[in-house]
Amino acid sequence: EVLLVESGGGLVQPGGSLRLSCAASGFNFGISSMNWLRQAPGKGLEWVSGISSGGDNTYYADSVKGRFTISRDDAKTTVYLQLDSLKTEDTAKYYCTRYRWGDPDRGPGTQVTVSS
């Protein structure tokens with residue numbers, strides 16, 4: 001059974017930081033690329049960032065480039081997303097997925113709210 005469990009979200013002021021984690025199990029994490037997507041209230045899923053298997057290559061949406069950093073720890077089968085210089089428009093529920101378009105086994109997500 002594939003499990004993707006996100007954590008680390010919360011309420012933060014504009015300009016603040018958060019570190020999201022996603023614990024993965026039930027598939028061969030080491031050979032899987034991983035992604036983070038987000039969904040803001042009333043909007044569709046938006047791809048945010050991706051990382052290749054092994055972590056050599058990382059990819060970012062223009063809206064977060066230079067502010068977010070994706071990483072992975074294959075020993076812990078965990079993928080991370082460091083969110084810095086947060087903006088109100090980053091408010092959304094964040095999901096980790098195996099595919100850029102989403103995941104049939106998508107987890108519950110973790111809520112990030114950026115507000116003063």
# chains A, B, ... in the order shown; residues from 1 in each chain; ligands from 1
$ residues_around --residues "region 65-81 of chain A" --least-positions-apart "5" --cutoff "12 Å" --atoms "only C-alpha atoms" --output "compact mmCIF listing (two decimals) with N, CA and C atoms, in the first residue's frame"
# COMPACT_ATOMS: atom_id res chain seq x y z
N LEU A 3 1.72 4.91 0.75
CA LEU A 3 1.34 5.94 1.72
C LEU A 3 2.21 7.17 1.51
N LEU A 4 1.58 8.31 1.47
CA LEU A 4 2.26 9.60 1.38
C LEU A 4 1.67 10.48 2.47
N VAL A 5 2.47 10.83 3.46
CA VAL A 5 1.96 11.56 4.61
C VAL A 5 2.76 12.86 4.78
N GLU A 6 2.08 13.95 4.54
CA GLU A 6 2.71 15.27 4.62
C GLU A 6 2.58 15.86 6.02
N SER A 7 3.54 16.68 6.39
CA SER A 7 3.50 17.37 7.68
C SER A 7 4.33 18.64 7.60
N GLY A 8 4.21 19.47 8.63
CA GLY A 8 5.04 20.66 8.71
C GLY A 8 4.36 21.97 8.37
N GLY A 9 3.13 21.90 7.93
CA GLY A 9 2.42 23.13 7.61
C GLY A 9 2.06 23.93 8.85
N GLY A 15 6.89 36.62 4.63
CA GLY A 15 8.34 36.68 4.82
C GLY A 15 8.89 35.55 5.66
N GLY A 16 8.01 34.78 6.27
CA GLY A 16 8.44 33.70 7.13
C GLY A 16 8.81 32.43 6.37
N SER A 17 9.14 31.39 7.15
CA SER A 17 9.60 30.13 6.57
C SER A 17 8.89 28.95 7.21
N LEU A 18 8.81 27.88 6.45
CA LEU A 18 8.33 26.60 6.94
C LEU A 18 9.11 25.50 6.23
N ARG A 19 9.17 24.34 6.86
CA ARG A 19 9.76 23.17 6.22
C ARG A 19 8.73 22.05 6.22
N LEU A 20 8.33 21.65 5.02
CA LEU A 20 7.38 20.57 4.87
C LEU A 20 8.11 19.25 4.70
N SER A 21 7.51 18.19 5.22
CA SER A 21 8.06 16.85 5.07
C SER A 21 6.99 15.93 4.50
N CYS A 22 7.43 14.92 3.79
CA CYS A 22 6.52 13.90 3.27
C CYS A 22 7.17 12.54 3.48
N ALA A 23 6.58 11.76 4.36
CA ALA A 23 7.05 10.40 4.60
C ALA A 23 6.36 9.46 3.63
N ALA A 24 7.16 8.74 2.87
CA ALA A 24 6.63 7.87 1.83
C ALA A 24 6.92 6.41 2.14
N SER A 25 6.02 5.53 1.74
CA SER A 25 6.22 4.10 1.91
C SER A 25 5.35 3.34 0.92
N GLY A 26 5.66 2.06 0.75
CA GLY A 26 4.85 1.21 -0.10
C GLY A 26 5.23 1.17 -1.56
N PHE A 27 6.34 1.81 -1.92
CA PHE A 27 6.84 1.76 -3.29
C PHE A 27 8.34 1.99 -3.24
N ASN A 28 9.01 1.80 -4.38
CA ASN A 28 10.46 1.93 -4.42
C ASN A 28 10.84 3.40 -4.48
N PHE A 29 10.93 4.02 -3.32
CA PHE A 29 11.18 5.46 -3.23
C PHE A 29 12.49 5.84 -3.92
N GLY A 30 13.49 5.01 -3.78
CA GLY A 30 14.81 5.37 -4.29
C GLY A 30 14.89 5.58 -5.78
N ILE A 31 14.00 4.95 -6.53
CA ILE A 31 14.03 5.10 -7.98
C ILE A 31 12.91 6.01 -8.48
N SER A 32 12.22 6.63 -7.56
CA SER A 32 11.08 7.47 -7.93
C SER A 32 11.44 8.95 -7.86
N SER A 33 11.10 9.69 -8.90
CA SER A 33 11.11 11.13 -8.77
C SER A 33 9.93 11.51 -7.88
N MET A 34 10.02 12.67 -7.25
CA MET A 34 8.97 13.11 -6.36
C MET A 34 8.65 14.57 -6.63
N ASN A 35 7.45 14.94 -6.29
CA ASN A 35 6.98 16.30 -6.57
C ASN A 35 6.20 16.86 -5.38
N TRP A 36 6.10 18.16 -5.37
CA TRP A 36 5.18 18.85 -4.48
C TRP A 36 4.19 19.61 -5.35
N LEU A 37 2.92 19.49 -5.00
CA LEU A 37 1.85 20.24 -5.64
C LEU A 37 1.11 20.99 -4.56
N ARG A 38 0.33 21.97 -4.94
CA ARG A 38 -0.47 22.69 -3.96
C ARG A 38 -1.83 23.05 -4.55
N VAL A 48 4.39 22.56 -8.03
CA VAL A 48 5.28 23.52 -7.38
C VAL A 48 6.75 23.19 -7.61
N SER A 49 7.10 21.91 -7.41
CA SER A 49 8.51 21.55 -7.47
C SER A 49 8.65 20.05 -7.67
N GLY A 50 9.79 19.64 -8.25
CA GLY A 50 10.08 18.23 -8.44
C GLY A 50 11.55 17.94 -8.22
N ILE A 51 11.83 16.68 -7.90
CA ILE A 51 13.20 16.27 -7.68
C ILE A 51 13.37 14.88 -8.30
N SER A 52 14.49 14.68 -8.98
CA SER A 52 14.73 13.41 -9.64
C SER A 52 15.12 12.34 -8.63
N SER A 53 15.06 11.09 -9.05
CA SER A 53 15.58 10.02 -8.21
C SER A 53 17.06 10.28 -7.99
N GLY A 54 17.51 10.12 -6.78
CA GLY A 54 18.89 10.44 -6.45
C GLY A 54 19.11 11.89 -6.07
N GLY A 55 18.21 12.76 -6.47
CA GLY A 55 18.29 14.15 -6.04
C GLY A 55 19.19 15.06 -6.85
N ASP A 56 19.73 14.57 -7.96
CA ASP A 56 20.67 15.39 -8.72
C ASP A 56 20.01 16.56 -9.43
N ASN A 57 18.74 16.39 -9.77
CA ASN A 57 18.05 17.44 -10.53
C ASN A 57 16.82 17.91 -9.78
N THR A 58 16.66 19.21 -9.71
CA THR A 58 15.49 19.80 -9.06
C THR A 58 14.82 20.79 -10.02
N TYR A 59 13.53 20.95 -9.85
CA TYR A 59 12.74 21.76 -10.76
C TYR A 59 11.73 22.58 -9.95
N TYR A 60 11.47 23.80 -10.42
CA TYR A 60 10.58 24.68 -9.69
C TYR A 60 9.67 25.44 -10.63
N LEU A 86 7.94 33.56 2.38
CA LEU A 86 6.56 33.20 2.03
C LEU A 86 5.71 34.43 1.77
N LYS A 87 4.78 34.27 0.83
CA LYS A 87 3.86 35.32 0.44
C LYS A 87 2.43 34.85 0.70
N ASP A 90 1.03 32.11 -1.35
CA ASP A 90 1.49 30.74 -1.15
C ASP A 90 0.53 29.94 -0.29
N TYR A 94 -0.63 21.70 0.66
CA TYR A 94 0.51 21.17 -0.09
C TYR A 94 0.51 19.64 -0.02
N TYR A 95 0.75 19.03 -1.17
CA TYR A 95 0.77 17.58 -1.31
C TYR A 95 2.08 17.12 -1.92
N CYS A 96 2.59 15.99 -1.47
CA CYS A 96 3.70 15.37 -2.19
C CYS A 96 3.13 14.26 -3.06
N THR A 97 3.68 14.11 -4.23
CA THR A 97 3.17 13.14 -5.19
C THR A 97 4.33 12.51 -5.96
N ARG A 98 4.04 11.34 -6.53
CA ARG A 98 5.05 10.67 -7.34
C ARG A 98 5.09 11.21 -8.77
N THR A 110 -0.81 19.01 3.74
CA THR A 110 -0.56 19.82 4.92
C THR A 110 -0.85 21.27 4.57
N VAL A 112 -0.73 25.21 4.55
CA VAL A 112 0.15 26.36 4.77
C VAL A 112 -0.69 27.61 4.63
$ select_by_dssp --residues "chain A" --states "strand (DSSP E)" --output "NGL selection string"
:A and (3-7 or 10-12 or 18-25 or 34-39 or 45-51 or 58-60 or 68-73 or 78-83 or 92-97 or 110-114)
$ atom_distance --atom1 "CA of Leu11 (chain A)" --atom2 "CA of Gly102 (chain A)"
24.5 Å
$ residues_around --residues "Lys43 (chain A)" --least-positions-apart "6" --cutoff "12 Å" --atoms "only C-alpha atoms" --output "JSON, numbers by chain"
{"A": [89, 91, 92, 93]}
$ atom_distance --atom1 "CA of Val12 (chain A)" --atom2 "CA of Ser116 (chain A)"
7.7 Å
$ closest_residue --among "A:Val2, A:Asp62, A:Trp47, A:Gly42" --to "Pro104 (chain A)" --atoms "only C-alpha atoms"
A:Val2
$ atom_distance --atom1 "CA of Pro41 (chain A)" --atom2 "CA of Thr113 (chain A)"
10.9 Å
$ select_by_dssp --residues "region 3-74 of chain A" --states "helix (DSSP H, G or I)" --output "ChimeraX atom specification"
/A:29-31,53-55,74
